[in-house]
file data.csv (CSV, C-alpha atoms)
chain,number,residue,atom,x,y,z
P,28,MET,CA,82.7,133.5,93.3
P,29,ALA,CA,83.5,135.3,90.0
P,30,LYS,CA,84.1,133.1,87.0
P,31,ALA,CA,87.7,133.3,85.7
P,32,ALA,CA,88.0,135.2,82.5
P,33,LYS,CA,89.2,133.5,79.4
P,34,GLN,CA,92.6,134.6,78.2
P,35,GLN,CA,93.2,134.5,74.4
P,36,ASN,CA,96.9,134.1,75.0
P,37,ILE,CA,96.7,130.7,76.8
P,38,ILE,CA,96.2,127.8,74.4
P,39,ALA,CA,96.4,124.1,75.1
P,40,ILE,CA,96.5,121.4,72.3
P,41,LEU,CA,96.0,118.0,73.8
P,42,GLY,CA,95.2,114.4,72.8
P,43,SER,CA,96.2,110.9,72.0
P,44,ASP,CA,96.4,111.5,68.3
P,45,GLU,CA,100.0,112.8,68.5
P,46,GLY,CA,100.2,113.6,64.8
P,47,MET,CA,97.2,115.9,64.9
P,48,VAL,CA,98.4,117.5,68.1
P,49,ARG,CA,101.8,118.2,66.6
P,50,GLU,CA,100.2,119.6,63.4
P,51,GLU,CA,97.7,121.8,65.2
P,52,ALA,CA,100.2,123.1,67.8
P,53,LEU,CA,102.7,124.0,65.1
P,54,LYS,CA,100.0,125.8,63.1
P,55,ARG,CA,99.0,127.8,66.2
P,56,PHE,CA,102.7,128.6,67.1
P,57,ARG,CA,103.4,129.9,63.6
P,58,ALA,CA,100.2,132.1,63.7
P,59,LEU,CA,101.2,133.5,67.1
P,60,ALA,CA,104.9,133.9,66.3
P,61,SER,CA,104.1,135.8,63.0
P,62,ASP,CA,102.6,138.7,65.0
P,63,GLY,CA,106.0,140.0,65.9
P,64,GLY,CA,109.3,139.5,67.6
P,65,GLY,CA,111.0,137.0,65.3
P,66,GLU,CA,112.5,133.7,66.3
P,67,PHE,CA,114.7,135.2,69.0
P,68,SER,CA,111.7,136.5,70.9
P,69,ASN,CA,110.0,133.1,71.2
P,70,GLU,CA,110.9,130.2,73.4
P,71,VAL,CA,110.2,126.5,72.5
P,72,ILE,CA,110.7,124.4,75.6
P,73,ASP,CA,111.0,120.6,75.1
P,74,GLY,CA,108.4,119.0,77.4
P,75,VAL,CA,109.9,115.4,77.3
P,76,ALA,CA,110.8,114.6,80.9
P,77,ASP,CA,112.9,111.5,81.8
P,78,ASN,CA,111.9,111.7,85.5
P,79,SER,CA,110.2,113.9,88.0
P,80,GLU,CA,113.2,116.2,88.6
P,81,GLY,CA,113.3,116.8,84.8
P,82,ALA,CA,109.6,117.6,84.8
P,83,PHE,CA,110.0,120.0,87.7
P,84,GLN,CA,112.9,121.8,85.9
P,85,ILE,CA,110.8,122.1,82.7
P,86,CYS,CA,108.0,123.8,84.6
P,87,VAL,CA,110.6,126.2,86.2
P,88,ASN,CA,111.9,127.1,82.7
P,89,VAL,CA,108.3,127.7,81.4
P,90,VAL,CA,107.5,130.0,84.4
P,91,GLN,CA,110.7,131.9,83.8
P,92,GLY,CA,109.9,132.2,80.1
P,93,LEU,CA,106.5,133.6,80.9
P,94,GLN,CA,108.0,136.2,83.3
P,95,THR,CA,110.6,137.3,80.9
P,96,LEU,CA,109.5,140.0,78.4
P,97,PRO,CA,110.7,139.9,74.8
P,98,PHE,CA,114.4,141.0,74.5
P,99,PHE,CA,113.6,143.1,71.4
P,100,GLY,CA,110.1,144.1,72.5
P,101,GLY,CA,107.0,143.1,70.6
P,102,GLU,CA,105.2,139.8,71.0
P,103,LYS,CA,106.5,136.6,72.5
P,104,VAL,CA,105.4,133.0,72.5
P,105,VAL,CA,106.4,130.4,75.1
P,106,TRP,CA,105.6,126.9,73.7
P,107,LEU,CA,105.8,124.0,76.1
P,108,LYS,CA,106.1,121.4,73.4
P,109,GLY,CA,105.1,117.7,73.8
P,110,ALA,CA,104.8,117.7,77.6
P,111,THR,CA,105.0,114.0,78.7
P,112,PHE,CA,104.5,114.5,82.5
P,113,LEU,CA,100.9,115.7,82.7
P,114,GLY,CA,99.3,112.3,82.5
P,115,ASP,CA,98.3,109.7,85.1
P,116,ASP,CA,101.6,107.8,85.3
P,117,VAL,CA,104.5,107.4,87.7
P,118,THR,CA,106.2,110.7,86.7
P,119,GLY,CA,103.0,112.6,86.5
P,120,ARG,CA,102.0,111.5,90.0
P,121,SER,CA,105.3,112.3,91.6
P,122,GLU,CA,105.3,115.0,94.3
P,123,ARG,CA,108.2,116.8,92.6
P,124,THR,CA,106.4,116.8,89.3
P,125,LEU,CA,103.2,118.0,90.9
P,126,SER,CA,105.0,120.9,92.7
P,127,GLY,CA,106.4,122.1,89.4
P,128,VAL,CA,103.0,121.8,87.6
P,129,GLN,CA,101.4,123.7,90.5
P,130,ALA,CA,103.9,126.5,90.1
P,131,LEU,CA,103.1,126.7,86.4
P,132,GLN,CA,99.3,126.6,87.2
P,133,ASP,CA,99.7,129.5,89.7
P,134,GLU,CA,101.6,131.6,87.1
P,135,LEU,CA,98.9,131.0,84.5
P,136,ALA,CA,96.1,131.8,87.0
P,137,ARG,CA,97.7,135.1,87.8
P,138,GLY,CA,97.5,136.0,84.2
P,139,VAL,CA,100.0,135.9,81.4
P,140,PRO,CA,101.5,139.3,80.7
P,141,GLU,CA,100.2,141.3,77.8
P,142,GLY,CA,102.3,140.6,74.7
P,143,VAL,CA,103.2,137.1,75.9
P,144,SER,CA,101.3,133.9,74.7
P,145,PHE,CA,101.5,130.5,76.3
P,146,LEU,CA,101.1,127.4,74.1
P,147,LEU,CA,101.0,123.9,75.5
P,148,SER,CA,101.0,120.7,73.5
P,149,ALA,CA,100.7,117.3,75.2
P,150,PRO,CA,99.8,113.7,74.2
P,151,ALA,CA,98.1,113.0,77.6
P,152,ILE,CA,96.8,115.0,80.5
P,153,ASP,CA,95.0,113.9,83.7
P,154,LYS,CA,91.6,115.7,83.4
P,155,ARG,CA,90.9,115.1,87.0
P,156,ARG,CA,93.6,117.4,88.2
P,157,SER,CA,93.3,121.1,88.9
P,158,PHE,CA,95.9,122.0,86.2
P,159,PHE,CA,93.6,120.8,83.4
P,160,LYS,CA,90.5,122.4,85.0
P,161,THR,CA,92.4,125.7,85.3
P,162,LEU,CA,93.3,125.5,81.6
P,163,GLU,CA,89.7,125.0,80.7
P,164,LYS,CA,88.6,127.9,82.8
P,165,ILE,CA,91.1,130.5,81.7
P,166,GLY,CA,92.3,129.4,78.3
P,167,GLU,CA,91.5,127.7,75.0
P,168,VAL,CA,91.7,123.9,75.0
P,169,GLY,CA,91.7,121.8,71.9
P,170,THR,CA,91.5,118.0,72.1
P,171,PHE,CA,92.5,115.6,69.3
P,172,ASP,CA,92.1,112.0,70.4
P,173,LYS,CA,92.3,108.9,68.3
P,174,PRO,CA,89.1,107.0,67.8
P,175,ASP,CA,88.7,104.2,70.4
P,176,PRO,CA,88.9,100.8,68.7
P,177,GLY,CA,86.9,99.4,71.6
P,178,ARG,CA,83.9,101.6,70.8
P,179,ASP,CA,81.4,100.7,68.1
P,180,GLY,CA,81.7,102.9,65.0
P,181,TRP,CA,85.4,103.7,65.3
P,182,GLN,CA,86.0,102.5,61.8
P,183,GLU,CA,83.5,104.9,60.4
P,184,ALA,CA,85.2,107.8,62.2
P,185,VAL,CA,88.6,106.8,60.8
P,186,SER,CA,87.1,106.3,57.3
P,187,ARG,CA,85.7,109.8,57.3
P,188,SER,CA,89.1,111.2,58.3
P,189,VAL,CA,90.8,109.1,55.6
P,190,MET,CA,88.4,110.4,52.9
P,191,LYS,CA,88.8,114.0,54.1
P,192,ARG,CA,92.6,113.8,53.8
P,193,ALA,CA,92.4,111.9,50.4
P,194,LYS,CA,90.0,114.5,49.0
P,195,THR,CA,92.5,117.3,49.5
P,196,LEU,CA,94.8,115.4,47.2
P,197,GLY,CA,92.0,114.6,44.7
P,198,LEU,CA,92.0,110.9,45.7
P,199,GLY,CA,89.1,108.5,46.0
P,200,PHE,CA,88.9,105.0,47.4
P,201,ASP,CA,86.9,101.9,46.3
P,202,PRO,CA,84.8,100.8,49.2
P,203,ASP,CA,86.8,97.5,49.8
P,204,ALA,CA,90.1,99.4,49.5
P,205,LEU,CA,88.9,102.0,52.1
P,206,GLU,CA,87.9,99.3,54.5
P,207,LEU,CA,91.2,97.5,54.3
P,208,PHE,CA,93.2,100.8,54.4
P,209,VAL,CA,91.5,101.7,57.7
P,210,LEU,CA,92.5,98.5,59.3
P,211,LEU,CA,96.1,98.6,58.0
P,212,ALA,CA,96.9,102.3,58.5
P,213,GLY,CA,95.3,102.4,62.0
P,214,ASP,CA,93.9,105.2,63.9
P,215,GLY,CA,96.8,107.6,64.1
P,216,SER,CA,96.6,110.6,61.8
P,217,ALA,CA,100.3,110.8,61.1
P,218,GLN,CA,100.4,107.2,59.8
P,219,VAL,CA,97.2,107.7,57.8
P,220,ALA,CA,98.7,110.8,56.2
P,221,ALA,CA,101.9,109.1,55.3
P,222,GLU,CA,100.2,106.1,53.7
P,223,ILE,CA,97.8,108.4,51.7
P,224,GLU,CA,100.7,110.4,50.4
P,225,LYS,CA,102.4,107.2,49.4
P,226,LEU,CA,99.3,106.1,47.5
P,227,ASP,CA,99.1,109.5,45.9
P,228,LEU,CA,102.7,109.3,44.6
P,229,PHE,CA,102.2,105.7,43.4
P,230,LEU,CA,99.0,106.4,41.4
P,231,GLY,CA,100.3,109.6,39.8
P,232,PRO,CA,98.1,112.1,38.0
P,233,GLU,CA,96.4,109.7,35.6
P,234,ARG,CA,94.7,107.3,38.1
P,235,ARG,CA,93.0,108.9,41.2
P,236,VAL,CA,90.9,106.0,42.7
P,237,VAL,CA,92.7,103.7,45.1
P,238,THR,CA,91.8,100.0,44.6
P,239,LEU,CA,92.0,97.1,46.9
P,240,GLU,CA,95.1,95.8,45.1
P,241,ASP,CA,96.8,99.2,45.6
P,242,VAL,CA,96.3,99.0,49.3
P,243,ARG,CA,97.5,95.4,49.5
P,244,VAL,CA,100.7,96.3,47.5
P,245,LEU,CA,101.6,99.6,49.3
P,246,VAL,CA,100.3,99.6,52.8
P,247,PRO,CA,102.2,97.3,55.2
P,248,LEU,CA,100.1,94.3,56.3
P,249,SER,CA,99.8,94.4,60.0
P,250,ARG,CA,98.4,91.6,62.2
P,251,ALA,CA,95.0,93.3,62.2
P,252,GLY,CA,95.2,93.5,58.5
P,253,VAL,CA,96.0,89.8,58.1
P,254,VAL,CA,93.1,89.0,60.4
P,255,PHE,CA,90.8,91.1,58.3
P,256,GLU,CA,92.1,89.7,55.0
P,257,ILE,CA,91.7,86.0,56.1
P,258,GLY,CA,88.1,86.8,57.0
P,259,ARG,CA,87.4,88.6,53.8
P,260,ALA,CA,88.9,85.7,51.8
P,261,LEU,CA,86.7,83.2,53.6
P,262,GLN,CA,83.6,85.4,53.0
P,263,ASN,CA,84.4,85.6,49.2
P,264,GLY,CA,85.2,81.9,48.9
P,265,ASN,CA,88.9,82.6,48.1
P,266,GLY,CA,90.5,79.6,49.7
P,267,ALA,CA,93.9,80.1,48.1
P,268,ARG,CA,94.2,83.7,49.5
P,269,ALA,CA,93.1,82.5,53.0
P,270,ILE,CA,95.6,79.7,53.0
P,271,GLU,CA,98.4,82.0,51.7
P,272,LEU,CA,97.8,84.4,54.6
P,273,ILE,CA,97.5,81.7,57.2
P,274,ASP,CA,100.8,80.1,56.1
P,275,ARG,CA,102.5,83.5,56.1
P,276,GLN,CA,101.4,84.1,59.7
P,277,LEU,CA,102.3,80.6,60.9
P,278,GLU,CA,105.8,81.1,59.4
P,279,ARG,CA,106.1,84.3,61.4
P,280,GLY,CA,105.3,82.4,64.6
P,281,GLU,CA,101.6,83.1,65.0
P,282,SER,CA,99.8,80.3,66.7
P,283,ALA,CA,97.1,78.4,64.8
P,284,ILE,CA,94.7,78.8,67.8
P,285,GLY,CA,95.3,82.6,67.7
P,286,LEU,CA,94.3,82.7,64.0
P,287,MET,CA,91.3,80.5,64.6
P,288,ARG,CA,90.0,82.7,67.4
P,289,ALA,CA,91.0,86.1,66.1
P,290,SER,CA,89.8,85.7,62.5
P,291,ILE,CA,88.2,82.5,61.4
P,292,ILE,CA,85.7,81.9,64.2
P,293,PRO,CA,84.6,85.6,64.5
P,294,THR,CA,84.1,85.7,60.7
P,295,LEU,CA,81.9,82.6,60.6
P,296,ARG,CA,80.0,83.7,63.8
P,297,ASN,CA,79.3,87.1,62.2
P,298,LEU,CA,78.1,85.5,59.0
P,299,PHE,CA,75.8,83.1,60.9
P,300,THR,CA,74.5,85.9,63.1
P,301,ALA,CA,74.0,88.3,60.1
P,302,LYS,CA,72.1,85.5,58.3
P,303,VAL,CA,69.8,85.0,61.3
P,304,VAL,CA,69.1,88.8,61.5
P,305,LEU,CA,68.3,88.8,57.7
P,306,GLU,CA,66.0,85.8,58.1
P,307,GLN,CA,64.1,87.5,60.9
P,308,ALA,CA,63.9,90.7,58.8
P,309,GLY,CA,62.3,88.8,56.0
P,310,GLY,CA,65.3,87.8,53.9
P,311,ARG,CA,67.1,90.5,51.9
P,312,THR,CA,67.4,94.0,53.1
P,313,ARG,CA,69.2,97.1,52.0
P,314,ASN,CA,69.2,98.6,55.4
P,315,PHE,CA,70.9,96.1,57.7
P,316,LYS,CA,71.0,98.5,60.6
P,317,ALA,CA,67.2,98.8,60.4
P,318,ALA,CA,67.0,95.1,60.5
P,319,LEU,CA,69.1,95.1,63.6
P,320,ASP,CA,67.1,97.8,65.3
P,321,SER,CA,63.8,95.9,64.6
P,322,LEU,CA,64.9,92.9,66.7
P,323,PRO,CA,63.0,92.7,70.0
P,324,ASP,CA,65.8,90.9,71.7
P,325,LYS,CA,69.4,91.8,71.1
P,326,SER,CA,71.0,90.0,74.0
P,327,TRP,CA,72.3,87.2,71.8
P,328,LEU,CA,74.2,89.5,69.4
P,329,PRO,CA,78.0,89.9,69.5
P,330,LEU,CA,79.2,93.0,71.4
P,331,THR,CA,82.1,95.4,71.1
P,332,LYS,CA,84.5,95.9,74.0
P,333,ALA,CA,82.4,98.8,75.1
P,334,GLY,CA,79.3,96.6,75.4
P,335,ALA,CA,77.4,97.9,72.4
P,336,VAL,CA,76.1,95.6,69.6
P,337,ASN,CA,78.8,95.1,67.0
P,338,SER,CA,76.6,96.5,64.2
P,339,TRP,CA,79.7,97.5,62.0
P,340,GLY,CA,81.1,93.9,62.1
P,341,LEU,CA,77.8,92.4,61.2
P,342,SER,CA,77.0,94.9,58.5
P,343,GLN,CA,80.3,94.2,56.8
P,344,VAL,CA,79.4,90.5,56.2
P,345,ALA,CA,75.6,91.0,55.6
P,346,GLY,CA,76.1,90.9,51.8
P,347,ALA,CA,78.1,87.7,51.9
P,348,ALA,CA,75.5,86.2,54.4
P,349,GLU,CA,72.7,86.7,51.9
P,350,SER,CA,74.2,84.2,49.4
P,351,ARG,CA,74.6,81.5,52.1
P,352,SER,CA,71.9,79.3,53.6
P,353,LEU,CA,71.4,79.2,57.3
P,354,GLU,CA,72.0,75.4,57.3
P,355,ASN,CA,75.3,75.9,55.4
P,356,LEU,CA,76.5,78.5,57.9
P,357,ARG,CA,75.5,76.2,60.8
P,358,GLN,CA,77.6,73.4,59.3
P,359,ALA,CA,80.5,75.9,58.9
P,360,MET,CA,80.2,76.8,62.6
P,361,GLU,CA,80.4,73.1,63.4
P,362,SER,CA,83.5,72.7,61.2
P,363,CYS,CA,85.1,75.6,63.2
P,364,LEU,CA,84.3,73.9,66.4
P,365,ARG,CA,85.8,70.5,65.3
P,366,ALA,CA,88.9,72.3,64.1
P,367,ASP,CA,89.3,74.3,67.3
P,368,GLN,CA,89.0,71.1,69.3
P,369,ALA,CA,91.5,69.3,67.1
P,370,LEU,CA,94.0,72.2,67.6
P,371,VAL,CA,93.6,72.1,71.4
P,372,THR,CA,93.3,68.4,72.2
P,373,THR,CA,95.2,66.5,69.4
P,374,GLY,CA,98.7,66.4,68.1
P,375,LEU,CA,97.6,67.0,64.5
P,376,ASP,CA,99.7,69.3,62.4
P,377,PRO,CA,98.1,72.8,63.0
P,378,ARG,CA,98.8,73.9,59.5
P,379,MET,CA,96.9,70.9,58.0
P,380,VAL,CA,94.0,71.4,60.4
P,381,LEU,CA,93.6,75.0,59.2
P,382,HIS,CA,94.0,74.1,55.5
P,383,ARG,CA,91.3,71.4,55.8
P,384,LEU,CA,89.0,73.8,57.6
P,385,VAL,CA,89.5,76.4,54.9
P,386,ALA,CA,88.7,73.8,52.2
P,387,GLU,CA,85.5,72.9,54.1
P,388,LEU,CA,84.4,76.5,54.5
P,389,VAL,CA,85.1,77.5,50.9
P,390,ALA,CA,83.3,74.4,49.6
P,391,GLY,CA,80.1,75.7,51.1
P,392,THR,CA,80.4,79.1,49.5
P,393,HIS,CA,78.1,79.9,46.6
P,394,GLU,CA,79.9,80.2,43.4
P,395,LYS,CA,79.0,83.9,43.0
P,396,GLY,CA,80.6,84.5,46.4
P,397,ALA,CA,83.8,82.7,45.3
P,398,ARG,CA,84.1,85.0,42.3
P,399,ARG,CA,83.8,88.2,44.4

call {"tool": "encode", "arguments": {"input": "data.csv", "output": "structure tokens"}}
result
Amino acid sequence: MAKAAKQQNIIAILGSDEGMVREEALKRFRALASDGGGEFSNEVIDGVADNSEGAFQICVNVVQGLQTLPFFGGEKVVWLKGATFLGDDVTGRSERTLSGVQALQDELARGVPEGVSFLLSAPAIDKRRSFFKTLEKIGEVGTFDKPDPGRDGWQEAVSRSVMKRAKTLGLGFDPDALELFVLLAGDGSAQVAAEIEKLDLFLGPERRVVTLEDVRVLVPLSRAGVVFEIGRALQNGNGARAIELIDRQLERGESAIGLMRASIIPTLRNLFTAKVVLEQAGGRTRNFKAALDSLPDKSWLPLTKAGAVNSWGLSQVAGAAESRSLENLRQAMESCLRADQALVTTGLDPRMVLHRLVAELVAGTHEKGARR
């Protein structure tokens, strides 16, 4: 069977990073539309479908658009913009939707007329279906997905994206500021871009390096950011900051158990584990990943949701772990256990339990760690 020829006038921009999908699709539309015709020769069809009948009608409109030559001659672009019915959901699986998508697939497979371009943008598409496979065979497919927070290394991927965008504005980030920014701004390019532009305007032309305090002041503190900040405060021996954040979350209705198990326990567990790794590697090391790789047995190390060793989480606390003794961190883990049991099995005030725990944990931090 002959392989289907690629058609330069069929383009699909797909992916879960909706900001990047919108940006790239608009760029491609403008490039295609600039070749002739003008705005009246192009069709932009809204792909948001409320139900399967709406999805079917959208497909019908796209097919009609592809079959209709430009009114004034020249080039024409048919853009199916932001299609929401191509994924694996109730609307996408509906027979009515599937029949409309099949009609569009058949039209594309027959070949888009010369002088007409088809552009598709969609936040999700079921890659198991023949529609996607047809697009891959006969057209150009660009994919822009968000980094998966469940996979090891997603923070590094987002960090690179942040630095790339910041560089275009002449901005730099202090390492701690970048780390917090990634957790607060999240993995969506649109939100990242908006927050970087806000920092750019705030700093002005005189100061071009974003500090940790800049991020704290300007970027909204999400729950993930609070979790991170509590852990960092404990690593650095800053009990006042940890208690401030804990109280803020408790006032917002967060449970003490939730804070314990999302922030405090993981932080101390990572510190303890990182210290064990460093001890096995001969104490101090500048290459923590090499120390991890040298371990003959990694089954006891914490894992990401994807099942890989959480090397990023451990490497982030390795510096703080160097200044703590193994015995000190063992005692800190025992303090966490006692506090967790108190929250679960007693009627003690949760706020006071957490305050006492923070005091115990900070008391064991070396003085140089408390000044960081």

call {"tool": "closest_residue", "arguments": {"input": "data.csv", "among": "P:Gly92, P:Gly101, P:Gly280, P:Pro247", "to": "Gly142 of chain P", "atoms": "only C-alpha atoms"}}
result
P:Gly101

call {"tool": "closest_atom_pairs", "arguments": {"input": "data.csv", "of": "segment 282-377 of chain P", "to": "segment 200-220 of chain P", "cutoff": "12 Å", "atoms": "only C-alpha atoms", "output": "JSON lines"}}
result
{"residue": "P:Trp339", "atom": "CA", "partner": "P:Glu206", "partner_atom": "CA", "distance": 11.3}
{"residue": "P:Gly340", "atom": "CA", "partner": "P:Glu206", "partner_atom": "CA", "distance": 11.5}
{"residue": "P:Gln343", "atom": "CA", "partner": "P:Glu206", "partner_atom": "CA", "distance": 9.4}

call {"tool": "closest_residue", "arguments": {"input": "data.csv", "among": "P:Leu328, P:Ala301, P:Leu319, P:Ala366", "to": "Ala348 of chain P", "atoms": "only C-alpha atoms"}}
result
P:Ala301

call {"tool": "residues_around", "arguments": {"input": "data.csv", "residues": "Phe83 of chain P", "least_positions_apart": "6", "cutoff": "8 Å", "atoms": "only C-alpha atoms", "output": "JSON, numbers by chain"}}
result
{"P": [123, 124, 125, 126, 127, 128]}

call {"tool": "atom_distance", "arguments": {"input": "data.csv", "atom1": "atom CA of Leu381 of chain P", "atom2": "atom CA of Ala283 of chain P"}}
result
7.4 Å

call {"tool": "residues_around", "arguments": {"input": "data.csv", "residues": "Ser342 of chain P", "least_positions_apart": "6", "cutoff": "12 Å", "atoms": "all atoms listed in the file", "output": "ChimeraX atom specification"}}
result
/P:180,294,297-298,300-302,304-305,312-319,336,348-349

call {"tool": "atom_distance", "arguments": {"input": "data.csv", "atom1": "atom CA of Asn36 of chain P", "atom2": "atom CA of Ala76 of chain P"}}
result
24.7 Å

call {"tool": "atom_distance", "arguments": {"input": "data.csv", "atom1": "atom CA of Lys103 of chain P", "atom2": "atom CA of Ile37 of chain P"}}
result
12.2 Å

call {"tool": "closest_residue", "arguments": {"input": "data.csv", "among": "P:Leu370, P:Leu388, P:Ile40, P:Leu113", "to": "Gly166 of chain P", "atoms": "only C-alpha atoms"}}
result
P:Ile40

call {"tool": "residues_around", "arguments": {"input": "data.csv", "residues": "segment 145-162 of chain P", "least_positions_apart": "3", "cutoff": "8 Å", "atoms": "all atoms listed in the file", "output": "MDAnalysis selection string"}}
result
chainID P and resid 36:45 48:49 52 56 93 104:115 128:129 132 136 139 165:168

call {"tool": "residues_around", "arguments": {"input": "data.csv", "residues": "Ile291 of chain P", "least_positions_apart": "2", "cutoff": "8 Å", "atoms": "all atoms listed in the file", "output": "list in words"}}
result
Ile257, Gly258, Leu261, Leu286, Met287, Arg288, Ala289, Pro293, Thr294, Leu295 and Cys363 of chain P

call {"tool": "write_last_selection", "arguments": {"input": "data.csv", "atoms": "C-alpha atoms", "output": "PDB file, keeping the file's coordinate frame"}}
result
ATOM      1  CA  ILE P 257      91.700  86.000  56.100  1.00  0.00           C
ATOM      2  CA  GLY P 258      88.100  86.800  57.000  1.00  0.00           C
ATOM      3  CA  LEU P 261      86.700  83.200  53.600  1.00  0.00           C
ATOM      4  CA  LEU P 286      94.300  82.700  64.000  1.00  0.00           C
ATOM      5  CA  MET P 287      91.300  80.500  64.600  1.00  0.00           C
ATOM      6  CA  ARG P 288      90.000  82.700  67.400  1.00  0.00           C
ATOM      7  CA  ALA P 289      91.000  86.100  66.100  1.00  0.00           C
ATOM      8  CA  PRO P 293      84.600  85.600  64.500  1.00  0.00           C
ATOM      9  CA  THR P 294      84.100  85.700  60.700  1.00  0.00           C
ATOM     10  CA  LEU P 295      81.900  82.600  60.600  1.00  0.00           C
ATOM     11  CA  CYS P 363      85.100  75.600  63.200  1.00  0.00           C
TER      12      CYS P 363
END
